[in-house]
>>> print(open('start_28.cif').read())   # mmCIF, C-alpha atoms
data_target
#
loop_
_atom_site.label_atom_id
_atom_site.label_comp_id
_atom_site.auth_asym_id
_atom_site.auth_seq_id
_atom_site.Cartn_x
_atom_site.Cartn_y
_atom_site.Cartn_z
CA MET A 19 112.13 83.53 118.87
CA SER A 20 114.48 81.74 121.28
CA LYS A 21 113.89 81.45 125.00
CA ALA A 22 117.06 83.50 125.64
CA ALA A 23 115.73 86.31 123.44
CA ASP A 24 112.39 86.25 125.28
CA LEU A 25 114.21 86.55 128.61
CA ALA A 26 116.33 89.42 127.28
CA ARG A 27 113.24 91.29 126.13
CA THR A 28 111.54 90.73 129.49
CA ALA A 29 114.58 92.00 131.39
CA SER A 30 114.81 95.04 129.14
CA ALA A 31 111.12 95.85 129.63
CA SER A 32 111.48 95.50 133.39
CA GLU A 33 114.36 97.94 133.48
CA THR A 34 112.48 100.45 131.32
CA ALA A 35 109.48 100.27 133.64
CA LEU A 36 111.74 101.27 136.53
CA SER A 37 112.48 104.76 135.18
CA ASN A 38 112.48 107.68 137.64
CA ARG A 39 113.39 105.36 140.49
CA ASN A 40 116.66 107.05 141.56
CA VAL A 41 116.01 109.95 143.96
CA VAL A 42 119.67 110.97 143.80
CA ILE A 43 120.42 113.66 141.19
CA ASN A 44 123.70 113.67 139.25
CA GLY A 45 124.75 110.37 140.77
CA ASP A 46 127.09 109.79 137.82
CA TYR A 47 128.68 113.26 138.10
CA THR A 48 128.12 114.29 134.49
CA ILE A 49 126.87 117.78 135.39
CA SER A 50 129.43 120.35 136.54
CA GLN A 51 127.98 123.86 136.16
CA ARG A 52 130.24 125.35 138.84
CA GLY A 53 133.39 123.92 137.29
CA THR A 54 135.33 120.69 136.96
CA SER A 55 138.20 121.21 139.43
CA PHE A 56 138.14 122.84 142.86
CA THR A 57 141.48 123.34 144.59
CA SER A 58 142.46 124.76 148.00
CA GLN A 59 139.22 123.60 149.63
CA THR A 60 139.14 123.92 153.43
CA GLY A 61 135.49 123.86 154.51
CA VAL A 62 131.88 123.58 153.38
CA ALA A 63 131.18 123.98 149.65
CA TYR A 64 129.19 122.68 146.69
CA HIS A 65 131.31 121.41 143.82
CA LEU A 66 129.84 119.11 141.15
CA ASP A 67 126.12 119.74 140.90
CA ARG A 68 123.95 118.77 143.90
CA TRP A 69 126.92 117.43 145.91
CA GLU A 70 128.27 119.20 148.95
CA MET A 71 131.37 118.67 151.05
CA TYR A 72 131.12 119.40 154.78
CA GLY A 73 134.47 120.06 156.44
CA TYR A 74 134.86 121.19 160.06
CA ASN A 75 137.88 121.48 162.37
CA MET A 76 140.20 120.44 159.57
CA GLY A 77 143.40 121.94 161.00
CA ASP A 78 146.00 122.36 158.28
CA GLY A 79 144.22 119.93 155.96
CA VAL A 80 143.32 121.03 152.43
CA TYR A 81 141.34 118.96 149.97
CA ARG A 82 140.58 119.06 146.25
CA VAL A 83 137.49 117.94 144.31
CA ASP A 84 137.59 116.98 140.61
CA GLN A 85 135.19 115.74 138.00
CA SER A 86 137.28 112.74 136.98
CA THR A 87 137.15 110.61 133.84
CA ASP A 88 138.40 107.65 135.89
CA ALA A 89 135.23 105.57 136.11
CA PRO A 90 134.07 101.93 135.98
CA ALA A 91 132.63 100.40 132.82
CA GLY A 92 129.32 102.02 131.89
CA PHE A 93 130.21 105.42 133.38
CA SER A 94 132.06 108.42 131.96
CA ASN A 95 132.75 110.39 135.12
CA SER A 96 133.29 110.13 138.85
CA ASN A 97 133.76 112.54 141.74
CA LYS A 98 137.32 112.50 143.05
CA VAL A 99 138.31 113.82 146.47
CA SER A 100 142.02 114.06 147.25
CA CYS A 101 144.24 115.54 149.94
CA THR A 102 146.59 118.30 148.77
CA THR A 103 147.85 119.43 152.20
CA ALA A 104 147.92 116.93 155.03
CA ASP A 105 146.79 117.72 158.57
CA ALA A 106 149.60 116.58 160.85
CA SER A 107 147.30 115.87 163.81
CA GLN A 108 143.59 115.26 163.30
CA ASP A 109 141.39 117.38 165.55
CA ALA A 110 139.22 115.35 167.93
CA ASN A 111 136.17 117.20 166.60
CA ASN A 112 137.05 116.90 162.91
CA GLN A 113 134.08 116.13 160.65
CA MET A 114 134.31 115.67 156.90
CA PHE A 115 131.55 114.13 154.84
CA PHE A 116 130.30 114.25 151.26
CA GLN A 117 126.54 114.49 150.89
CA GLN A 118 123.46 115.11 148.81
CA MET A 119 120.34 116.51 150.46
CA ILE A 120 117.08 115.42 148.82
CA GLU A 121 113.96 117.53 148.43
CA GLY A 122 110.65 116.29 149.85
CA LEU A 123 108.85 116.70 146.52
CA ASN A 124 111.28 114.14 145.05
CA SER A 125 110.96 111.60 147.85
CA SER A 126 107.32 111.91 148.94
CA HIS A 127 106.51 108.50 147.40
CA ILE A 128 108.83 106.77 149.89
CA ASN A 129 107.06 105.49 153.02
CA TYR A 130 108.68 106.01 156.42
CA PHE A 131 107.73 107.21 159.90
CA VAL A 132 104.97 104.57 159.68
CA SER A 133 104.56 101.12 161.23
CA SER A 134 105.40 99.32 157.97
CA PRO A 135 107.96 101.50 156.19
CA ASP A 136 109.62 100.91 152.85
CA THR A 137 112.96 99.26 152.38
CA VAL A 138 115.42 101.28 150.31
CA THR A 139 118.66 100.30 148.63
CA LEU A 140 121.69 102.54 148.27
CA SER A 141 124.16 101.43 145.62
CA PHE A 142 127.35 103.03 144.30
CA TRP A 143 130.80 102.43 142.86
CA VAL A 144 133.83 103.43 144.94
CA LYS A 145 137.61 103.41 144.60
CA SER A 146 140.39 104.49 146.97
CA ASN A 147 144.06 103.99 147.69
CA ARG A 148 143.09 103.07 151.26
CA THR A 149 141.50 99.73 152.03
CA GLY A 150 139.28 99.05 155.05
CA SER A 151 135.86 100.10 156.28
CA TYR A 152 134.30 103.49 155.55
CA SER A 153 131.26 105.15 157.13
CA LEU A 154 128.07 106.31 155.43
CA ALA A 155 124.68 107.49 156.64
CA LEU A 156 121.08 108.01 155.56
CA LYS A 157 119.17 110.87 157.22
CA LEU A 158 115.44 111.62 157.46
CA SER A 159 114.14 115.06 158.41
CA ASP A 160 111.37 115.23 161.02
CA ASN A 161 108.88 117.94 160.04
CA GLY A 162 111.52 120.12 158.37
CA SER A 163 114.35 119.65 160.86
CA ALA A 164 117.75 120.53 159.40
CA GLN A 165 120.26 117.85 158.45
CA ASP A 166 122.35 118.68 161.55
CA ASN A 167 119.39 118.91 163.96
CA THR A 168 118.91 116.33 166.73
CA SER A 169 115.28 115.88 165.60
CA THR A 170 116.54 114.47 162.31
CA ARG A 171 116.80 110.69 162.29
CA ILE A 172 119.99 108.94 161.15
CA TYR A 173 121.01 105.43 160.13
CA ASN A 174 124.79 104.97 160.28
CA SER A 175 126.45 102.08 158.50
CA THR A 176 129.71 101.05 156.85
CA TYR A 177 131.04 99.64 153.61
CA SER A 178 134.43 98.12 152.78
CA VAL A 179 137.09 98.95 150.21
CA SER A 180 138.70 95.56 149.70
CA VAL A 181 141.32 96.22 147.02
CA ALA A 182 143.31 99.44 146.69
CA ASN A 183 142.89 101.57 143.56
CA THR A 184 140.19 99.30 142.14
CA TRP A 185 136.56 100.12 141.35
CA GLU A 186 134.16 98.16 143.55
CA ASN A 187 130.36 98.10 143.54
CA LYS A 188 128.65 98.46 146.92
CA THR A 189 125.06 97.91 148.06
CA ILE A 190 123.44 98.87 151.37
CA THR A 191 119.82 97.87 152.12
CA ILE A 192 117.97 99.79 154.83
CA VAL A 193 114.50 99.35 156.33
CA LEU A 194 113.30 102.90 156.93
CA ASP A 195 112.39 104.38 160.30
CA THR A 196 109.18 103.50 162.17
CA ASN A 197 109.51 106.46 164.51
CA SER A 198 106.28 108.48 164.83
CA ASP A 199 107.69 111.63 163.24
CA THR A 200 106.45 113.71 160.29
CA LYS A 201 108.12 113.26 156.93
CA VAL A 202 108.72 116.20 154.61
CA VAL A 203 106.74 116.16 151.35
CA THR A 204 107.29 119.80 150.34
CA ASN A 205 110.24 121.56 148.68
CA GLY A 206 112.26 121.43 151.91
CA PHE A 207 114.98 119.06 153.10
CA ALA A 208 113.62 115.53 153.50
CA MET A 209 116.51 113.06 153.21
CA ALA A 210 120.30 113.02 152.90
CA VAL A 211 122.89 110.51 151.77
CA GLN A 212 126.28 111.02 153.43
CA PHE A 213 129.70 109.48 152.86
CA TRP A 214 132.18 110.16 155.67
CA LEU A 215 135.83 110.93 154.90
CA GLY A 216 136.98 112.39 158.21
CA GLY A 217 136.00 111.92 161.84
CA GLY A 218 138.05 112.77 164.93
CA THR A 219 137.93 110.75 168.13
CA ASN A 220 134.92 112.75 169.37
CA ARG A 221 133.10 112.15 166.07
CA ASP A 222 133.74 108.44 165.58
CA GLY A 223 131.82 105.63 167.22
CA SER A 224 128.09 106.22 166.78
CA ALA A 225 125.72 103.26 166.90
CA ALA A 226 125.60 101.30 163.64
CA ASN A 227 122.74 99.83 161.62
CA SER A 228 119.83 101.24 163.61
CA TRP A 229 117.75 104.41 163.52
CA ILE A 230 118.74 106.93 166.19
CA ALA A 231 118.46 110.66 166.86
CA ASN A 232 120.95 112.57 164.74
CA GLY A 233 124.34 113.37 166.24
CA ASN A 234 127.70 114.67 165.06
CA ALA A 235 129.38 111.29 164.90
CA ALA A 236 129.91 108.58 162.30
CA THR A 237 129.98 104.84 162.79
CA ALA A 238 133.46 103.67 163.71
CA SER A 239 135.56 102.70 160.70
CA ASP A 240 139.19 102.39 159.61
CA ASN A 241 139.24 105.37 157.23
CA LEU A 242 137.99 108.54 158.84
CA ASP A 243 140.94 110.76 157.97
CA ILE A 244 141.43 111.35 154.25
CA LEU A 245 143.42 114.46 155.17
CA GLY A 246 146.08 112.36 156.92
CA SER A 247 148.27 112.10 153.81
CA THR A 248 148.66 113.75 150.41
CA SER A 249 148.68 110.22 148.96
CA ASN A 250 145.01 109.74 149.84
CA ASP A 251 142.20 109.85 147.33
CA TRP A 252 138.60 108.64 147.13
CA TYR A 253 136.41 108.27 144.01
CA ILE A 254 132.68 107.64 143.77
CA THR A 255 130.10 107.29 140.99
CA GLY A 256 126.85 105.53 140.13
CA VAL A 257 125.14 106.63 143.35
CA GLN A 258 121.54 105.42 143.41
CA LEU A 259 118.91 105.43 146.18
CA GLU A 260 115.70 103.58 145.32
CA VAL A 261 112.74 101.86 146.93
CA GLY A 262 113.09 98.10 147.22
CA PRO A 263 115.45 95.48 148.67
CA VAL A 264 117.41 94.95 145.44
CA ALA A 265 119.81 97.28 143.63
CA THR A 266 118.62 97.68 140.04
CA PRO A 267 120.92 98.84 137.20
CA PHE A 268 121.96 102.48 137.55
CA GLU A 269 119.40 104.81 135.97
CA HIS A 270 121.26 106.68 133.23
CA ARG A 271 119.17 109.74 132.43
CA SER A 272 119.90 111.81 129.34
CA TYR A 273 122.33 114.69 129.77
CA GLY A 274 119.56 117.22 129.11
CA GLN A 275 117.26 115.67 131.70
CA GLU A 276 120.01 115.49 134.33
CA LEU A 277 121.00 119.11 133.63
CA ALA A 278 117.41 120.31 134.05
CA LEU A 279 117.13 118.46 137.38
CA CYS A 280 120.32 120.18 138.58
CA GLN A 281 119.17 123.59 137.37
CA ARG A 282 116.30 123.49 139.85
CA TYR A 283 119.00 124.07 142.49
CA TYR A 284 121.73 125.93 140.59
CA GLN A 285 122.02 127.52 137.19
CA ARG A 286 124.62 129.74 135.62
CA ILE A 287 124.61 131.80 132.43
CA GLY A 288 127.76 133.19 130.88
CA ASP A 289 131.41 132.08 130.92
CA ILE A 290 131.73 132.77 127.18
CA ALA A 291 131.76 136.00 125.18
CA ARG A 292 128.57 137.62 123.93
CA VAL A 293 126.03 135.54 125.79
CA SER A 294 122.75 137.45 125.78
CA TYR A 295 120.67 137.63 128.95
CA GLY A 296 117.78 139.32 127.21
CA LEU A 297 116.22 142.63 126.31
CA ALA A 298 116.74 145.43 128.85
CA ASN A 299 115.26 148.87 129.28
CA ALA A 300 116.63 152.10 130.70
CA HIS A 301 114.84 152.50 134.02
CA SER A 302 116.71 155.72 134.76
CA THR A 303 119.45 157.74 133.10
CA THR A 304 122.13 155.51 134.69
CA THR A 305 120.44 152.12 135.19
CA VAL A 306 119.19 149.43 132.84
CA TYR A 307 116.83 146.73 134.14
CA CYS A 308 116.96 143.32 132.50
CA PRO A 309 114.31 140.70 133.36
CA ILE A 310 115.74 137.18 133.16
CA ARG A 311 113.63 134.05 132.89
CA PHE A 312 115.31 131.04 134.49
CA MET A 313 115.97 127.98 132.36
CA THR A 314 113.81 125.89 134.70
CA THR A 315 111.73 126.66 137.77
CA MET A 316 113.99 126.74 140.80
CA ARG A 317 113.21 125.15 144.15
CA VAL A 318 112.73 128.53 145.86
CA ALA A 319 113.52 132.15 145.04
CA PRO A 320 117.31 131.87 144.65
CA SER A 321 120.29 133.83 145.84
CA GLN A 322 122.39 135.44 143.09
CA THR A 323 126.12 135.78 142.52
CA THR A 324 128.00 137.33 139.62
CA SER A 325 131.55 137.74 138.37
CA ALA A 326 130.95 141.33 139.53
CA THR A 327 134.09 142.92 138.07
CA ASN A 328 133.39 146.02 136.02
CA GLY A 329 133.79 145.43 132.31
CA ASN A 330 132.54 141.83 132.11
CA PHE A 331 129.15 142.88 130.70
CA TYR A 332 127.83 145.40 128.22
CA VAL A 333 124.57 146.76 126.87
CA THR A 334 124.08 147.44 123.20
CA GLY A 335 121.25 149.11 121.31
CA SER A 336 119.68 152.49 120.55
CA GLY A 337 122.74 153.38 118.52
CA GLN A 338 125.27 152.81 121.30
CA GLN A 339 127.24 150.19 123.20
CA GLN A 340 128.36 150.61 126.79
CA THR A 341 130.42 148.49 129.14
CA THR A 342 128.58 148.19 132.44
CA GLY A 343 129.53 148.64 136.06
CA THR A 344 128.93 145.97 138.68
CA VAL A 345 125.74 143.99 138.05
CA THR A 346 123.61 143.87 141.19
CA ILE A 347 120.81 141.72 142.55
CA GLY A 348 117.39 142.82 141.43
CA THR A 349 114.67 142.47 144.02
CA GLU A 350 111.90 143.31 141.57
CA GLY A 351 110.02 140.13 140.76
CA LEU A 352 112.55 137.78 142.36
CA ASN A 353 110.87 134.35 142.37
CA PRO A 354 111.60 130.73 141.43
CA ASN A 355 110.93 131.52 137.75
CA GLY A 356 113.02 134.61 137.21
CA VAL A 357 114.62 137.83 138.42
CA THR A 358 115.35 141.37 137.28
CA VAL A 359 119.01 142.42 137.38
CA SER A 360 120.08 146.02 137.74
CA VAL A 361 122.79 147.09 135.30
CA PRO A 362 124.67 150.38 135.98
CA VAL A 363 125.72 152.26 132.84
CA SER A 364 126.42 155.85 131.73
CA THR A 365 123.95 158.54 130.74
CA LEU A 366 120.88 157.12 129.00
CA THR A 367 117.45 158.22 127.95
CA ILE A 368 114.70 156.63 130.03
CA GLY A 369 112.80 154.04 128.01
CA GLN A 370 115.62 153.16 125.61
CA SER A 371 115.94 149.43 124.86
CA PHE A 372 119.18 147.44 124.92
CA TRP A 373 120.49 143.89 124.76
CA PHE A 374 122.36 142.88 127.93
CA ASN A 375 125.35 140.60 127.15
CA THR A 376 128.67 139.29 128.44
CA VAL A 377 131.79 140.96 127.07
CA ASN A 378 134.08 137.96 127.51
CA ALA A 379 134.42 134.58 129.20
CA ASN A 380 134.87 136.29 132.58
CA GLY A 381 131.24 137.39 132.70
CA TRP A 382 128.66 135.18 134.39
CA ILE A 383 125.61 135.29 136.64
CA ALA A 384 124.55 132.34 138.80
CA TRP A 385 121.48 131.55 140.89
CA GLU A 386 121.40 129.06 143.77
CA ALA A 387 118.45 127.44 145.55
CA GLU A 388 120.16 124.50 147.24
CA LEU A 389 118.67 122.85 150.31
#
>>> encode(input="start_28.cif", output="structure tokens")
Amino acid sequence: MSKAADLARTASASETALSNRNVVINGDYTISQRGTSFTSQTGVAYHLDRWEMYGYNMGDGVYRVDQSTDAPAGFSNSNKVSCTTADASQDANNQMFFQQMIEGLNSSHINYFVSSPDTVTLSFWVKSNRTGSYSLALKLSDNGSAQDNTSTRIYNSTYSVSVANTWENKTITIVLDTNSDTKVVTNGFAMAVQFWLGGGTNRDGSAANSWIANGNAATASDNLDILGSTSNDWYITGVQLEVGPVATPFEHRSYGQELALCQRYYQRIGDIARVSYGLANAHSTTTVYCPIRFMTTMRVAPSQTTSATNGNFYVTGSGQQQTTGTVTIGTEGLNPNGVTVSVPVSTLTIGQSFWFNTVNANGWIAWEAEL
């Protein structure tokens, strides 16, 4: 075997040994359970799985989020943020940032709040029509402090977009905080990666490249107003946060594995006709209870939303089929592994068994346990 082949095998083995190193979930934006396009966005919302946009004091500005197929080589998707209605005059207190909050159980192996903390590397691909410097931040919760709490620690920094409308790979290396705080190792908020897209004059100019108490300001940069023009857009993909001073190749997990990781925080069943939620029983003459087992254990007992409109679901069995009323939240047995939904129907006999299904693509139930 040639020396080149030996080196190739060694490199391949090294990369394989580095599996499960990326603490960011859905960093390549392949998972989109909530949808693939989100228009008329004006505030705080989750869009593609695990990623949240924070928008405050946005004036007339309206943004849009898309799962885009515009991506650099080696990737199939990116997250695109664009301006659909410009804000004529940016509010001094405007804040707009794109973030993922990371659970303590997924980052407990990372050492910080100690005298000799780990070094981590954040890497990603970015593209925008606007060149210049952009702000980003890494946050660390102190003993469960929220991401916007002053007890949370923050490291503000910048990266540059050098060429307009061109994919560029960026790497930021950060030595973690030595502050004598308490890191989160449970299922609560532990860390956050933030990419700033808007910051008014009162929210622009925080100290850069050092650990400080959290505040509502980003490091000064050229591009803190994506809502300034409907020509503006910003794409990102390949987001990876890992221990070590070097950015390793992006960890491409299988679609099934990435989906299961996302379903810990959000899962949705339905959106097509005749999806079955399971076997239900008539609890009373007008109510069917259907226990639902989640597809994976969720982070905490979730909140529940449904398409709600009467006629999107039906029960069938015991010689009859009935379209249901509004499906409601079931408090019986609500836990990270499952829930019981209450299904209103017409006159039944207590104890009858039915299958609970969607009627059409308008029927869905979703559960959320985001940080």
>>> resolve_selection(input="start_28.cif", expression="the PyMOL selection byres ((chain A and resi 58) around 10)", output="PyMOL selection string")
chain A and resi 56-57+59-61+79-83+101-103
>>> resolve_selection(input="start_28.cif", expression="the PyMOL selection byres ((chain A and resi 187) around 9)", output="ChimeraX atom specification")
/A:141-144,185-186,188-189,256
>>> write_last_selection(input="start_28.cif", atoms="C-alpha atoms", output="compact mmCIF listing (two decimals), in the frame of the given file")
# COMPACT_ATOMS: atom_id res chain seq x y z
CA SER A 141 124.16 101.43 145.62
CA PHE A 142 127.35 103.03 144.30
CA TRP A 143 130.80 102.43 142.86
CA VAL A 144 133.83 103.43 144.94
CA TRP A 185 136.56 100.12 141.35
CA GLU A 186 134.16 98.16 143.55
CA LYS A 188 128.65 98.46 146.92
CA THR A 189 125.06 97.91 148.06
CA GLY A 256 126.85 105.53 140.13
>>> closest_atom_pairs(input="start_28.cif", of="stretch 307-345 of chain A", to="stretch 362-376 of chain A", cutoff="6 Å", atoms="only C-alpha atoms", output="Markdown table")
| residue | atom | partner | partner_atom | distance |
| --- | --- | --- | --- | --- |
| A:Asn330 | CA | A:Thr376 | CA | 5.9 |
| A:Phe331 | CA | A:Thr376 | CA | 4.3 |
| A:Tyr332 | CA | A:Asn375 | CA | 5.5 |
| A:Val333 | CA | A:Phe374 | CA | 4.6 |
| A:Thr334 | CA | A:Phe372 | CA | 5.2 |
| A:Gly335 | CA | A:Phe372 | CA | 4.5 |
| A:Thr342 | CA | A:Val363 | CA | 5.0 |
| A:Gly343 | CA | A:Pro362 | CA | 5.2 |
>>> write_last_selection(input="start_28.cif", atoms="C-alpha atoms", output="mmCIF file, in the coordinates of the input")
data_model
loop_
_atom_site.group_PDB
_atom_site.id
_atom_site.type_symbol
_atom_site.label_atom_id
_atom_site.label_comp_id
_atom_site.auth_asym_id
_atom_site.auth_seq_id
_atom_site.Cartn_x
_atom_site.Cartn_y
_atom_site.Cartn_z
ATOM 1 C CA ASN A 330 132.540 141.830 132.110
ATOM 2 C CA PHE A 331 129.150 142.880 130.700
ATOM 3 C CA TYR A 332 127.830 145.400 128.220
ATOM 4 C CA VAL A 333 124.570 146.760 126.870
ATOM 5 C CA THR A 334 124.080 147.440 123.200
ATOM 6 C CA GLY A 335 121.250 149.110 121.310
ATOM 7 C CA THR A 342 128.580 148.190 132.440
ATOM 8 C CA GLY A 343 129.530 148.640 136.060
#
>>> resolve_selection(input="start_28.cif", expression="the PyMOL selection byres ((chain A and resi 263-280) around 6)", output="JSON, numbers by chain")
{"A": [137, 139, 262, 281, 282, 283]}
>>> closest_residue(input="start_28.cif", among="A:Ala210, A:Val179, A:Ile190, A:Val132", to="A:Val41", atoms="all atoms listed in the file")
A:Ala210
>>> closest_residue(input="start_28.cif", among="A:Ser153, A:Thr255, A:Ser169, A:Asn220", to="A:Leu66", atoms="all atoms listed in the file")
A:Thr255
>>> closest_atom_pairs(input="start_28.cif", of="stretch 109-171 of chain A", to="stretch 236-250 of chain A", cutoff="7 Å", atoms="all atoms listed in the file", output="CSV")
residue,atom,partner,partner_atom,distance
A:Asn147,CA,A:Asn250,CA,6.2
A:Gly150,CA,A:Asp240,CA,5.7
A:Ser151,CA,A:Ser239,CA,5.1
A:Tyr152,CA,A:Ser239,CA,5.4
A:Ser153,CA,A:Thr237,CA,5.8
>>> closest_residue(input="start_28.cif", among="A:Val138, A:Met119, A:Ala231, A:Ala155", to="A:Arg171", atoms="all atoms listed in the file")
A:Ala231
>>> closest_residue(input="start_28.cif", among="A:Gln51, A:Thr341, A:Thr200, A:Ser107", to="A:Asn161", atoms="all atoms listed in the file")
A:Thr200
